[in-house]
>>> print(open('final18.cif').read())   # mmCIF, N, CA and C atoms
data_entry
loop_
_atom_site.label_atom_id
_atom_site.label_comp_id
_atom_site.auth_asym_id
_atom_site.auth_seq_id
_atom_site.Cartn_x
_atom_site.Cartn_y
_atom_site.Cartn_z
N MET U 759 44.42 -34.16 -114.56
CA MET U 759 44.64 -34.32 -115.96
C MET U 759 43.87 -35.54 -116.45
N LYS U 760 43.24 -35.40 -117.60
CA LYS U 760 42.48 -36.51 -118.17
C LYS U 760 43.40 -37.67 -118.54
N VAL U 761 42.83 -38.86 -118.51
CA VAL U 761 43.59 -40.09 -118.70
C VAL U 761 43.10 -40.83 -119.94
N LYS U 762 44.01 -41.55 -120.59
CA LYS U 762 43.67 -42.37 -121.75
C LYS U 762 42.71 -43.48 -121.35
N ASP U 763 41.96 -44.00 -122.32
CA ASP U 763 41.11 -45.16 -122.09
C ASP U 763 41.96 -46.37 -121.71
N GLY U 764 41.42 -47.23 -120.88
CA GLY U 764 42.12 -48.45 -120.51
C GLY U 764 43.05 -48.30 -119.32
N VAL U 765 42.94 -47.18 -118.61
CA VAL U 765 43.76 -46.96 -117.42
C VAL U 765 42.83 -47.10 -116.22
N MET U 766 43.07 -48.11 -115.41
CA MET U 766 42.13 -48.51 -114.37
C MET U 766 42.71 -48.37 -112.97
N ALA U 767 41.80 -48.22 -112.01
CA ALA U 767 42.15 -48.24 -110.59
C ALA U 767 41.48 -49.46 -109.97
N LEU U 768 42.20 -50.12 -109.07
CA LEU U 768 41.67 -51.27 -108.33
C LEU U 768 41.84 -50.99 -106.85
N MET U 769 40.73 -51.08 -106.13
CA MET U 769 40.77 -50.88 -104.68
C MET U 769 39.83 -51.90 -104.05
N GLY U 770 40.40 -52.89 -103.42
CA GLY U 770 39.58 -53.98 -102.89
C GLY U 770 38.88 -54.67 -104.05
N ASP U 771 37.55 -54.79 -103.98
CA ASP U 771 36.76 -55.40 -105.05
C ASP U 771 36.29 -54.37 -106.07
N ALA U 772 36.60 -53.10 -105.87
CA ALA U 772 36.18 -52.05 -106.80
C ALA U 772 37.23 -51.89 -107.89
N ILE U 773 36.77 -51.89 -109.14
CA ILE U 773 37.65 -51.63 -110.27
C ILE U 773 36.92 -50.69 -111.21
N GLY U 774 37.65 -49.71 -111.74
CA GLY U 774 37.00 -48.78 -112.65
C GLY U 774 37.99 -47.93 -113.42
N GLN U 775 37.46 -47.27 -114.44
CA GLN U 775 38.23 -46.39 -115.30
C GLN U 775 38.63 -45.13 -114.54
N ILE U 776 39.91 -44.80 -114.61
CA ILE U 776 40.39 -43.55 -114.02
C ILE U 776 39.98 -42.41 -114.93
N GLY U 777 39.40 -41.37 -114.37
CA GLY U 777 39.00 -40.20 -115.15
C GLY U 777 40.06 -39.12 -115.14
N ASP U 778 40.63 -38.88 -113.96
CA ASP U 778 41.65 -37.85 -113.78
C ASP U 778 42.74 -38.40 -112.87
N ILE U 779 43.98 -37.96 -113.13
CA ILE U 779 45.09 -38.37 -112.28
C ILE U 779 46.15 -37.28 -112.26
N SER U 780 46.81 -37.16 -111.12
CA SER U 780 47.96 -36.26 -110.97
C SER U 780 48.89 -36.90 -109.95
N MET U 781 49.95 -36.21 -109.64
CA MET U 781 50.89 -36.72 -108.64
C MET U 781 50.28 -36.65 -107.23
N SER U 782 49.21 -35.91 -107.07
CA SER U 782 48.61 -35.80 -105.73
C SER U 782 47.42 -36.73 -105.52
N GLY U 783 46.79 -37.22 -106.61
CA GLY U 783 45.65 -38.10 -106.42
C GLY U 783 44.97 -38.46 -107.73
N LEU U 784 43.80 -39.10 -107.62
CA LEU U 784 43.06 -39.52 -108.81
C LEU U 784 41.58 -39.62 -108.49
N SER U 785 40.79 -39.73 -109.56
CA SER U 785 39.38 -40.06 -109.42
C SER U 785 39.06 -41.18 -110.40
N PHE U 786 38.14 -42.06 -109.99
CA PHE U 786 37.71 -43.13 -110.88
C PHE U 786 36.25 -43.46 -110.63
N THR U 787 35.62 -44.08 -111.62
CA THR U 787 34.23 -44.47 -111.56
C THR U 787 34.15 -45.98 -111.54
N TYR U 788 33.34 -46.51 -110.64
CA TYR U 788 33.23 -47.97 -110.52
C TYR U 788 31.78 -48.38 -110.34
N LEU U 789 31.51 -49.64 -110.60
CA LEU U 789 30.17 -50.21 -110.50
C LEU U 789 29.76 -50.29 -109.04
N ASP U 790 28.58 -49.76 -108.73
CA ASP U 790 28.06 -49.80 -107.37
C ASP U 790 27.52 -51.20 -107.09
N GLY U 791 28.18 -51.92 -106.22
CA GLY U 791 27.75 -53.27 -105.87
C GLY U 791 27.82 -53.43 -104.37
N SER U 792 28.18 -54.59 -103.95
CA SER U 792 28.25 -54.84 -102.52
C SER U 792 29.48 -54.20 -101.90
N TYR U 793 30.46 -53.82 -102.73
CA TYR U 793 31.70 -53.26 -102.21
C TYR U 793 31.70 -51.75 -102.33
N ARG U 794 32.12 -51.08 -101.28
CA ARG U 794 32.34 -49.63 -101.29
C ARG U 794 33.75 -49.38 -100.81
N VAL U 795 34.39 -48.39 -101.39
CA VAL U 795 35.75 -48.07 -100.95
C VAL U 795 35.69 -47.51 -99.54
N SER U 796 36.76 -47.68 -98.78
CA SER U 796 36.80 -47.21 -97.40
C SER U 796 37.46 -45.84 -97.33
N SER U 797 37.56 -45.29 -96.14
CA SER U 797 38.10 -43.94 -95.97
C SER U 797 39.58 -43.85 -96.28
N ASN U 798 40.28 -44.93 -96.20
CA ASN U 798 41.67 -44.96 -96.64
C ASN U 798 42.02 -46.39 -96.98
N GLY U 799 43.14 -46.56 -97.61
CA GLY U 799 43.52 -47.91 -98.00
C GLY U 799 44.62 -47.90 -99.04
N ILE U 800 44.55 -48.90 -99.89
CA ILE U 800 45.58 -49.13 -100.90
C ILE U 800 44.89 -49.20 -102.26
N VAL U 801 45.47 -48.53 -103.25
CA VAL U 801 44.97 -48.59 -104.61
C VAL U 801 46.09 -49.08 -105.53
N SER U 802 45.71 -49.82 -106.55
CA SER U 802 46.65 -50.24 -107.60
C SER U 802 46.21 -49.60 -108.90
N LEU U 803 47.17 -49.23 -109.73
CA LEU U 803 46.90 -48.60 -111.02
C LEU U 803 47.33 -49.56 -112.12
N VAL U 804 46.48 -49.72 -113.13
CA VAL U 804 46.77 -50.65 -114.22
C VAL U 804 46.50 -49.97 -115.55
N ASP U 805 47.46 -50.10 -116.45
CA ASP U 805 47.29 -49.70 -117.85
C ASP U 805 47.07 -50.99 -118.62
N ILE U 806 45.81 -51.27 -118.95
CA ILE U 806 45.51 -52.56 -119.59
C ILE U 806 46.02 -52.61 -121.03
N ASN U 807 46.33 -51.46 -121.62
CA ASN U 807 46.87 -51.44 -122.98
C ASN U 807 48.30 -51.97 -123.02
N ASP U 808 49.08 -51.64 -122.00
CA ASP U 808 50.49 -52.03 -121.97
C ASP U 808 50.82 -53.05 -120.88
N GLY U 809 49.84 -53.41 -120.07
CA GLY U 809 50.08 -54.38 -119.01
C GLY U 809 50.93 -53.85 -117.87
N ILE U 810 50.97 -52.54 -117.71
CA ILE U 810 51.77 -51.93 -116.64
C ILE U 810 50.90 -51.80 -115.39
N CYS U 811 51.46 -52.15 -114.24
CA CYS U 811 50.72 -52.08 -112.98
C CYS U 811 51.61 -51.49 -111.89
N ILE U 812 51.03 -50.59 -111.12
CA ILE U 812 51.69 -50.09 -109.91
C ILE U 812 50.83 -50.55 -108.75
N ASP U 813 51.40 -51.37 -107.89
CA ASP U 813 50.66 -51.95 -106.76
C ASP U 813 50.81 -51.14 -105.49
N SER U 814 49.79 -51.19 -104.67
CA SER U 814 49.85 -50.79 -103.26
C SER U 814 50.26 -49.35 -103.00
N LEU U 815 49.56 -48.41 -103.63
CA LEU U 815 49.78 -47.00 -103.32
C LEU U 815 48.83 -46.60 -102.20
N PRO U 816 49.34 -46.07 -101.09
CA PRO U 816 48.45 -45.66 -99.99
C PRO U 816 47.66 -44.41 -100.37
N VAL U 817 46.36 -44.42 -100.03
CA VAL U 817 45.47 -43.32 -100.36
C VAL U 817 44.52 -42.99 -99.21
N VAL U 818 44.00 -41.78 -99.26
CA VAL U 818 42.91 -41.35 -98.39
C VAL U 818 41.76 -40.96 -99.31
N ILE U 819 40.56 -41.47 -99.02
CA ILE U 819 39.39 -41.15 -99.84
C ILE U 819 38.92 -39.75 -99.49
N VAL U 820 38.77 -38.93 -100.51
CA VAL U 820 38.27 -37.57 -100.34
C VAL U 820 36.76 -37.56 -100.50
N GLN U 821 36.27 -38.33 -101.48
CA GLN U 821 34.83 -38.38 -101.74
C GLN U 821 34.49 -39.69 -102.43
N ASP U 822 33.35 -40.27 -102.08
CA ASP U 822 32.82 -41.46 -102.74
C ASP U 822 31.32 -41.27 -102.82
N ARG U 823 30.80 -41.05 -104.02
CA ARG U 823 29.39 -40.69 -104.17
C ARG U 823 28.78 -41.39 -105.38
N SER U 824 27.45 -41.43 -105.41
CA SER U 824 26.75 -41.96 -106.58
C SER U 824 27.05 -41.06 -107.77
N ALA U 825 27.25 -41.70 -108.92
CA ALA U 825 27.50 -40.95 -110.16
C ALA U 825 26.22 -40.94 -110.99
N ARG U 826 25.96 -39.83 -111.61
CA ARG U 826 24.79 -39.75 -112.49
C ARG U 826 25.02 -40.62 -113.71
N PRO U 827 23.98 -41.32 -114.14
CA PRO U 827 24.14 -42.11 -115.37
C PRO U 827 24.34 -41.19 -116.57
N SER U 828 25.14 -41.65 -117.54
CA SER U 828 25.42 -40.82 -118.71
C SER U 828 24.17 -40.66 -119.57
N LEU U 829 23.28 -41.64 -119.55
CA LEU U 829 21.99 -41.51 -120.21
C LEU U 829 21.00 -41.06 -119.15
N GLY U 830 19.84 -40.64 -119.54
CA GLY U 830 18.87 -40.14 -118.58
C GLY U 830 18.41 -41.16 -117.56
N PHE U 831 18.63 -42.42 -117.84
CA PHE U 831 18.24 -43.50 -116.94
C PHE U 831 19.26 -44.61 -117.07
N SER U 832 19.29 -45.46 -116.10
CA SER U 832 20.21 -46.59 -116.18
C SER U 832 19.86 -47.62 -115.13
N PHE U 833 19.99 -48.88 -115.50
CA PHE U 833 19.81 -49.96 -114.54
C PHE U 833 21.12 -50.25 -113.82
N VAL U 834 22.21 -49.72 -114.35
CA VAL U 834 23.53 -49.90 -113.75
C VAL U 834 23.85 -48.64 -112.96
N ILE U 835 24.12 -48.81 -111.69
CA ILE U 835 24.44 -47.67 -110.84
C ILE U 835 25.94 -47.61 -110.63
N MET U 836 26.49 -46.43 -110.90
CA MET U 836 27.92 -46.24 -110.79
C MET U 836 28.22 -45.33 -109.60
N ARG U 837 29.45 -45.40 -109.13
CA ARG U 837 29.93 -44.52 -108.08
C ARG U 837 31.17 -43.81 -108.58
N HIS U 838 31.41 -42.62 -108.05
CA HIS U 838 32.58 -41.83 -108.42
C HIS U 838 33.39 -41.61 -107.14
N CYS U 839 34.66 -41.98 -107.19
CA CYS U 839 35.52 -41.91 -106.02
C CYS U 839 36.73 -41.02 -106.32
N SER U 840 37.00 -40.09 -105.42
CA SER U 840 38.20 -39.24 -105.51
C SER U 840 39.08 -39.56 -104.31
N MET U 841 40.38 -39.63 -104.56
CA MET U 841 41.31 -39.98 -103.50
C MET U 841 42.61 -39.21 -103.69
N LYS U 842 43.35 -39.09 -102.57
CA LYS U 842 44.67 -38.48 -102.66
C LYS U 842 45.71 -39.47 -102.15
N PHE U 843 46.88 -39.41 -102.78
CA PHE U 843 47.98 -40.27 -102.37
C PHE U 843 48.63 -39.68 -101.12
N TYR U 844 49.18 -40.56 -100.28
CA TYR U 844 49.92 -40.06 -99.13
C TYR U 844 51.04 -41.03 -98.78
N ASP U 845 52.07 -40.49 -98.18
CA ASP U 845 53.18 -41.28 -97.65
C ASP U 845 53.77 -42.24 -98.69
N LEU U 846 53.99 -41.73 -99.92
CA LEU U 846 54.58 -42.56 -100.96
C LEU U 846 56.10 -42.59 -100.80
N SER U 847 56.67 -43.74 -101.05
CA SER U 847 58.13 -43.87 -101.02
C SER U 847 58.72 -43.19 -102.26
N GLN U 848 60.03 -43.00 -102.27
CA GLN U 848 60.69 -42.42 -103.44
C GLN U 848 60.47 -43.30 -104.67
N GLN U 849 60.51 -44.60 -104.50
CA GLN U 849 60.28 -45.52 -105.61
C GLN U 849 58.85 -45.40 -106.13
N GLN U 850 57.87 -45.32 -105.23
CA GLN U 850 56.48 -45.16 -105.64
C GLN U 850 56.28 -43.83 -106.37
N LEU U 851 56.91 -42.76 -105.88
CA LEU U 851 56.81 -41.46 -106.55
C LEU U 851 57.37 -41.52 -107.96
N LYS U 852 58.49 -42.21 -108.12
CA LYS U 852 59.11 -42.36 -109.45
C LYS U 852 58.18 -43.13 -110.38
N GLU U 853 57.65 -44.26 -109.90
CA GLU U 853 56.74 -45.08 -110.72
C GLU U 853 55.47 -44.32 -111.07
N LEU U 854 54.93 -43.59 -110.09
CA LEU U 854 53.72 -42.81 -110.32
C LEU U 854 53.98 -41.71 -111.35
N ASP U 855 55.10 -41.03 -111.27
CA ASP U 855 55.44 -39.98 -112.22
C ASP U 855 55.51 -40.54 -113.64
N GLU U 856 56.14 -41.68 -113.81
CA GLU U 856 56.22 -42.32 -115.13
C GLU U 856 54.84 -42.74 -115.62
N PHE U 857 54.03 -43.29 -114.73
CA PHE U 857 52.69 -43.76 -115.08
C PHE U 857 51.82 -42.57 -115.51
N VAL U 858 51.84 -41.50 -114.75
CA VAL U 858 51.05 -40.31 -115.07
C VAL U 858 51.50 -39.73 -116.41
N SER U 859 52.81 -39.55 -116.57
CA SER U 859 53.34 -38.97 -117.81
C SER U 859 52.95 -39.77 -119.04
N LYS U 860 52.93 -41.08 -118.90
CA LYS U 860 52.61 -41.95 -120.03
C LYS U 860 51.13 -42.00 -120.35
N ASN U 861 50.28 -41.79 -119.37
CA ASN U 861 48.85 -42.07 -119.56
C ASN U 861 47.93 -40.86 -119.58
N ILE U 862 48.45 -39.66 -119.47
CA ILE U 862 47.56 -38.49 -119.56
C ILE U 862 47.30 -38.16 -121.02
N VAL U 863 46.15 -37.55 -121.25
CA VAL U 863 45.77 -37.11 -122.60
C VAL U 863 46.30 -35.71 -122.80
N HIS U 864 47.11 -35.55 -123.83
CA HIS U 864 47.65 -34.23 -124.17
C HIS U 864 46.71 -33.58 -125.16
N ILE U 865 46.16 -32.44 -124.78
CA ILE U 865 45.23 -31.71 -125.63
C ILE U 865 45.97 -30.62 -126.35
N SER U 866 45.93 -30.66 -127.69
CA SER U 866 46.63 -29.60 -128.45
C SER U 866 45.71 -28.40 -128.58
N GLN U 867 46.32 -27.24 -128.57
CA GLN U 867 45.57 -25.98 -128.65
C GLN U 867 45.26 -25.63 -130.07
#
>>> encode(input="final18.cif", output="structure tokens")
Amino acid sequence: MKVKDGVMALMGDAIGQIGDISMSGLSFTYLDGSYRVSSNGIVSLVDINDGICIDSLPVVIVQDRSARPSLGFSFVIMRHCSMKFYDLSQQQLKELDEFVSKNIVHISQ
């Protein structure tokens, strides 16, 4: 499900806008620098509009690849990372459910 602007993922030194999120996982785009996400680890979710943060959600990286620039060229290279959540506690599941419900974009028909 698409996410509102200002909803970010932080993993190590990588930070970026979340594009899609569900109870099973998320994808986000981040600046390609010296840091690359690893095959698994911990991600934190932040809603910068409301200052809400969920720390330390365990994840497995499904894909981490170069992202095409939105313009035909770019000096800034971005990466696109997809991950799935695993082994979440009941408290983490509750927090994630509230976070997802609050931050998805509802498209009217």
>>> resolve_selection(input="final18.cif", expression="the PyMOL selection byres ((chain U and resi 778) around 5)", output="CSV table (one decimal) with N, CA and C atoms, keeping the file's coordinate frame")
chain,number,residue,atom,x,y,z
U,759,MET,N,44.4,-34.2,-114.6
U,759,MET,CA,44.6,-34.3,-116.0
U,759,MET,C,43.9,-35.5,-116.4
U,760,LYS,N,43.2,-35.4,-117.6
U,760,LYS,CA,42.5,-36.5,-118.2
U,760,LYS,C,43.4,-37.7,-118.5
U,761,VAL,N,42.8,-38.9,-118.5
U,761,VAL,CA,43.6,-40.1,-118.7
U,761,VAL,C,43.1,-40.8,-119.9
U,776,ILE,N,39.9,-44.8,-114.6
U,776,ILE,CA,40.4,-43.6,-114.0
U,776,ILE,C,40.0,-42.4,-114.9
U,777,GLY,N,39.4,-41.4,-114.4
U,777,GLY,CA,39.0,-40.2,-115.2
U,777,GLY,C,40.1,-39.1,-115.1
U,779,ILE,N,44.0,-38.0,-113.1
U,779,ILE,CA,45.1,-38.4,-112.3
U,779,ILE,C,46.2,-37.3,-112.3
U,780,SER,N,46.8,-37.2,-111.1
U,780,SER,CA,48.0,-36.3,-111.0
U,780,SER,C,48.9,-36.9,-110.0
U,784,LEU,N,43.8,-39.1,-107.6
U,784,LEU,CA,43.1,-39.5,-108.8
U,784,LEU,C,41.6,-39.6,-108.5
U,785,SER,N,40.8,-39.7,-109.6
U,785,SER,CA,39.4,-40.1,-109.4
U,785,SER,C,39.1,-41.2,-110.4
>>> residues_near_point(input="final18.cif", point="(28.0, -44.4, -110.1)", cutoff="8 Å", atoms="only C-alpha atoms", output="CSV table (one decimal) with N, CA and C atoms, in the frame of the given file")
chain,number,residue,atom,x,y,z
U,787,THR,N,35.6,-44.1,-111.6
U,787,THR,CA,34.2,-44.5,-111.6
U,787,THR,C,34.2,-46.0,-111.5
U,788,TYR,N,33.3,-46.5,-110.6
U,788,TYR,CA,33.2,-48.0,-110.5
U,788,TYR,C,31.8,-48.4,-110.3
U,789,LEU,N,31.5,-49.6,-110.6
U,789,LEU,CA,30.2,-50.2,-110.5
U,789,LEU,C,29.8,-50.3,-109.0
U,790,ASP,N,28.6,-49.8,-108.7
U,790,ASP,CA,28.1,-49.8,-107.4
U,790,ASP,C,27.5,-51.2,-107.1
U,823,ARG,N,30.8,-41.0,-104.0
U,823,ARG,CA,29.4,-40.7,-104.2
U,823,ARG,C,28.8,-41.4,-105.4
U,824,SER,N,27.4,-41.4,-105.4
U,824,SER,CA,26.8,-42.0,-106.6
U,824,SER,C,27.0,-41.1,-107.8
U,825,ALA,N,27.2,-41.7,-108.9
U,825,ALA,CA,27.5,-41.0,-110.2
U,825,ALA,C,26.2,-40.9,-111.0
U,826,ARG,N,26.0,-39.8,-111.6
U,826,ARG,CA,24.8,-39.8,-112.5
U,826,ARG,C,25.0,-40.6,-113.7
U,827,PRO,N,24.0,-41.3,-114.1
U,827,PRO,CA,24.1,-42.1,-115.4
U,827,PRO,C,24.3,-41.2,-116.6
U,834,VAL,N,22.2,-49.7,-114.4
U,834,VAL,CA,23.5,-49.9,-113.8
U,834,VAL,C,23.8,-48.6,-113.0
U,835,ILE,N,24.1,-48.8,-111.7
U,835,ILE,CA,24.4,-47.7,-110.8
U,835,ILE,C,25.9,-47.6,-110.6
U,836,MET,N,26.5,-46.4,-110.9
U,836,MET,CA,27.9,-46.2,-110.8
U,836,MET,C,28.2,-45.3,-109.6
U,837,ARG,N,29.4,-45.4,-109.1
U,837,ARG,CA,29.9,-44.5,-108.1
U,837,ARG,C,31.2,-43.8,-108.6
U,838,HIS,N,31.4,-42.6,-108.0
U,838,HIS,CA,32.6,-41.8,-108.4
U,838,HIS,C,33.4,-41.6,-107.1
>>> atom_distance(input="final18.cif", atom1="atom C of Ile862 in chain U", atom2="atom N of Arg794 in chain U")
28.1 Å
>>> atom_distance(input="final18.cif", atom1="CA of Pro816 in chain U", atom2="atom N of His864 in chain U")
25.9 Å
>>> closest_residue(input="final18.cif", among="U:Asp813, U:Asp845, U:Asp771, U:Asp805", to="Asn861 in chain U", atoms="all atoms listed in the file")
U:Asp805
>>> atom_distance(input="final18.cif", atom1="CA of Asn807 in chain U", atom2="CA of Gln821 in chain U")
27.7 Å
>>> select_by_dssp(input="final18.cif", residues="chain U", states="strand (DSSP E or B)", output="PyMOL selection string")
chain U and resi 760-761+765-769+772-779+783-789+798-805+810-825+836-843+862
>>> resolve_selection(input="final18.cif", expression="the PyMOL selection byres (((chain U and resi 855 and name CA) around 12) and name CA)", output="PDB file with N, CA and C atoms, in the frame of the given file")
ATOM      1  N   ILE U 779      43.980 -37.960-113.130  1.00  0.00           N
ATOM      2  CA  ILE U 779      45.090 -38.370-112.280  1.00  0.00           C
ATOM      3  C   ILE U 779      46.150 -37.280-112.260  1.00  0.00           C
ATOM      4  N   SER U 780      46.810 -37.160-111.120  1.00  0.00           N
ATOM      5  CA  SER U 780      47.960 -36.260-110.970  1.00  0.00           C
ATOM      6  C   SER U 780      48.890 -36.900-109.950  1.00  0.00           C
ATOM      7  N   MET U 781      49.950 -36.210-109.640  1.00  0.00           N
ATOM      8  CA  MET U 781      50.890 -36.720-108.640  1.00  0.00           C
ATOM      9  C   MET U 781      50.280 -36.650-107.230  1.00  0.00           C
ATOM     10  N   SER U 782      49.210 -35.910-107.070  1.00  0.00           N
ATOM     11  CA  SER U 782      48.610 -35.800-105.730  1.00  0.00           C
ATOM     12  C   SER U 782      47.420 -36.730-105.520  1.00  0.00           C
ATOM     13  N   GLY U 783      46.790 -37.220-106.610  1.00  0.00           N
ATOM     14  CA  GLY U 783      45.650 -38.100-106.420  1.00  0.00           C
ATOM     15  C   GLY U 783      44.970 -38.460-107.730  1.00  0.00           C
ATOM     16  N   ILE U 812      51.030 -50.590-111.120  1.00  0.00           N
ATOM     17  CA  ILE U 812      51.690 -50.090-109.910  1.00  0.00           C
ATOM     18  C   ILE U 812      50.830 -50.550-108.750  1.00  0.00           C
ATOM     19  N   LEU U 846      53.990 -41.730 -99.920  1.00  0.00           N
ATOM     20  CA  LEU U 846      54.580 -42.560-100.960  1.00  0.00           C
ATOM     21  C   LEU U 846      56.100 -42.590-100.800  1.00  0.00           C
ATOM     22  N   GLN U 848      60.030 -43.000-102.270  1.00  0.00           N
ATOM     23  CA  GLN U 848      60.690 -42.420-103.440  1.00  0.00           C
ATOM     24  C   GLN U 848      60.470 -43.300-104.670  1.00  0.00           C
ATOM     25  N   GLN U 849      60.510 -44.600-104.500  1.00  0.00           N
ATOM     26  CA  GLN U 849      60.280 -45.520-105.610  1.00  0.00           C
ATOM     27  C   GLN U 849      58.850 -45.400-106.130  1.00  0.00           C
ATOM     28  N   GLN U 850      57.870 -45.320-105.230  1.00  0.00           N
ATOM     29  CA  GLN U 850      56.480 -45.160-105.640  1.00  0.00           C
ATOM     30  C   GLN U 850      56.280 -43.830-106.370  1.00  0.00           C
ATOM     31  N   LEU U 851      56.910 -42.760-105.880  1.00  0.00           N
ATOM     32  CA  LEU U 851      56.810 -41.460-106.550  1.00  0.00           C
ATOM     33  C   LEU U 851      57.370 -41.520-107.960  1.00  0.00           C
ATOM     34  N   LYS U 852      58.490 -42.210-108.120  1.00  0.00           N
ATOM     35  CA  LYS U 852      59.110 -42.360-109.450  1.00  0.00           C
ATOM     36  C   LYS U 852      58.180 -43.130-110.380  1.00  0.00           C
ATOM     37  N   GLU U 853      57.650 -44.260-109.900  1.00  0.00           N
ATOM     38  CA  GLU U 853      56.740 -45.080-110.720  1.00  0.00           C
ATOM     39  C   GLU U 853      55.470 -44.320-111.070  1.00  0.00           C
ATOM     40  N   LEU U 854      54.930 -43.590-110.090  1.00  0.00           N
ATOM     41  CA  LEU U 854      53.720 -42.810-110.320  1.00  0.00           C
ATOM     42  C   LEU U 854      53.980 -41.710-111.350  1.00  0.00           C
ATOM     43  N   GLU U 856      56.140 -41.680-113.810  1.00  0.00           N
ATOM     44  CA  GLU U 856      56.220 -42.320-115.130  1.00  0.00           C
ATOM     45  C   GLU U 856      54.840 -42.740-115.620  1.00  0.00           C
ATOM     46  N   PHE U 857      54.030 -43.290-114.730  1.00  0.00           N
ATOM     47  CA  PHE U 857      52.690 -43.760-115.080  1.00  0.00           C
ATOM     48  C   PHE U 857      51.820 -42.570-115.510  1.00  0.00           C
ATOM     49  N   VAL U 858      51.840 -41.500-114.750  1.00  0.00           N
ATOM     50  CA  VAL U 858      51.050 -40.310-115.070  1.00  0.00           C
ATOM     51  C   VAL U 858      51.500 -39.730-116.410  1.00  0.00           C
ATOM     52  N   SER U 859      52.810 -39.550-116.570  1.00  0.00           N
ATOM     53  CA  SER U 859      53.340 -38.970-117.810  1.00  0.00           C
ATOM     54  C   SER U 859      52.950 -39.770-119.040  1.00  0.00           C
ATOM     55  N   LYS U 860      52.930 -41.080-118.900  1.00  0.00           N
ATOM     56  CA  LYS U 860      52.610 -41.950-120.030  1.00  0.00           C
ATOM     57  C   LYS U 860      51.130 -42.000-120.350  1.00  0.00           C
ATOM     58  N   ASN U 861      50.280 -41.790-119.370  1.00  0.00           N
ATOM     59  CA  ASN U 861      48.850 -42.070-119.560  1.00  0.00           C
ATOM     60  C   ASN U 861      47.930 -40.860-119.580  1.00  0.00           C
ATOM     61  N   ILE U 862      48.450 -39.660-119.470  1.00  0.00           N
ATOM     62  CA  ILE U 862      47.560 -38.490-119.560  1.00  0.00           C
ATOM     63  C   ILE U 862      47.300 -38.160-121.020  1.00  0.00           C
TER      64      ILE U 862
END
>>> closest_residue(input="final18.cif", among="U:Phe843, U:Asp822, U:Val765, U:Phe786", to="Val804 in chain U", atoms="only N, CA and C atoms")
U:Val765
>>> resolve_selection(input="final18.cif", expression="the PyMOL selection byres ((chain U and resi 802) around 8)", output="list in words")
Met766, Ala767, Leu768, Met769, Gly770, Gly799, Ile800, Val801, Leu803, Val804, Asp805, Cys811, Ile812, Asp813, Ser814, Leu815 and Pro816 of chain U
>>> axis_aligned_box(input="final18.cif", around="range 770-779 of chain U", padding_each_side="3 Å", output="lines of an AutoDock Vina configuration file")
center_x = 41.2
center_y = -46.3
center_z = -109.1
size_x = 16.0
size_y = 24.1
size_z = 18.4
>>> closest_residue(input="final18.cif", among="U:Asn798, U:Ala772, U:Asp763, U:Ile806", to="Val818 in chain U", atoms="all atoms listed in the file")
U:Asn798
>>> decode(input="final18.cif", residues="range 779-816 of chain U", atoms="C-alpha atoms", output="mmCIF file, in the first residue's frame")
data_model
loop_
_atom_site.group_PDB
_atom_site.id
_atom_site.type_symbol
_atom_site.label_atom_id
_atom_site.label_comp_id
_atom_site.auth_asym_id
_atom_site.auth_seq_id
_atom_site.Cartn_x
_atom_site.Cartn_y
_atom_site.Cartn_z
ATOM 1 C CA ILE U 779 4.255 -0.785 3.389
ATOM 2 C CA SER U 780 2.119 -3.639 4.680
ATOM 3 C CA MET U 781 2.073 -5.892 7.712
ATOM 4 C CA SER U 782 4.470 -8.228 5.907
ATOM 5 C CA GLY U 783 7.118 -5.747 4.753
ATOM 6 C CA LEU U 784 8.075 -2.476 3.080
ATOM 7 C CA SER U 785 10.125 -0.879 0.347
ATOM 8 C CA PHE U 786 12.069 2.368 0.531
ATOM 9 C CA THR U 787 14.445 4.426 -1.592
ATOM 10 C CA TYR U 788 17.688 5.764 -0.164
ATOM 11 C CA LEU U 789 20.764 7.666 -1.298
ATOM 12 C CA ASP U 790 23.503 5.398 -2.629
ATOM 13 C CA GLY U 791 26.595 6.201 -0.592
ATOM 14 C CA SER U 792 29.161 4.287 1.333
ATOM 15 C CA TYR U 793 26.442 2.404 3.219
ATOM 16 C CA ARG U 794 24.446 -0.499 1.798
ATOM 17 C CA VAL U 795 21.778 -2.391 3.665
ATOM 18 C CA SER U 796 22.698 -5.939 4.668
ATOM 19 C CA SER U 797 20.832 -9.192 4.075
ATOM 20 C CA ASN U 798 19.034 -8.876 7.374
ATOM 21 C CA GLY U 799 18.964 -6.546 10.297
ATOM 22 C CA ILE U 800 16.878 -3.996 12.101
ATOM 23 C CA VAL U 801 14.782 -1.186 10.619
ATOM 24 C CA SER U 802 13.109 1.749 12.349
ATOM 25 C CA LEU U 803 10.039 3.517 10.973
ATOM 26 C CA VAL U 804 9.510 7.247 11.453
ATOM 27 C CA ASP U 805 6.579 9.513 10.645
ATOM 28 C CA ILE U 806 8.293 12.894 10.565
ATOM 29 C CA ASN U 807 4.924 14.679 10.365
ATOM 30 C CA ASP U 808 3.805 13.411 13.775
ATOM 31 C CA GLY U 809 7.121 12.445 15.360
ATOM 32 C CA ILE U 810 6.065 8.806 15.720
ATOM 33 C CA CYS U 811 8.827 6.193 15.657
ATOM 34 C CA ILE U 812 8.845 2.412 15.836
ATOM 35 C CA ASP U 813 12.334 1.159 16.681
ATOM 36 C CA SER U 814 14.100 -2.115 16.022
ATOM 37 C CA LEU U 815 11.851 -4.166 13.763
ATOM 38 C CA PRO U 816 13.700 -7.284 12.549
#
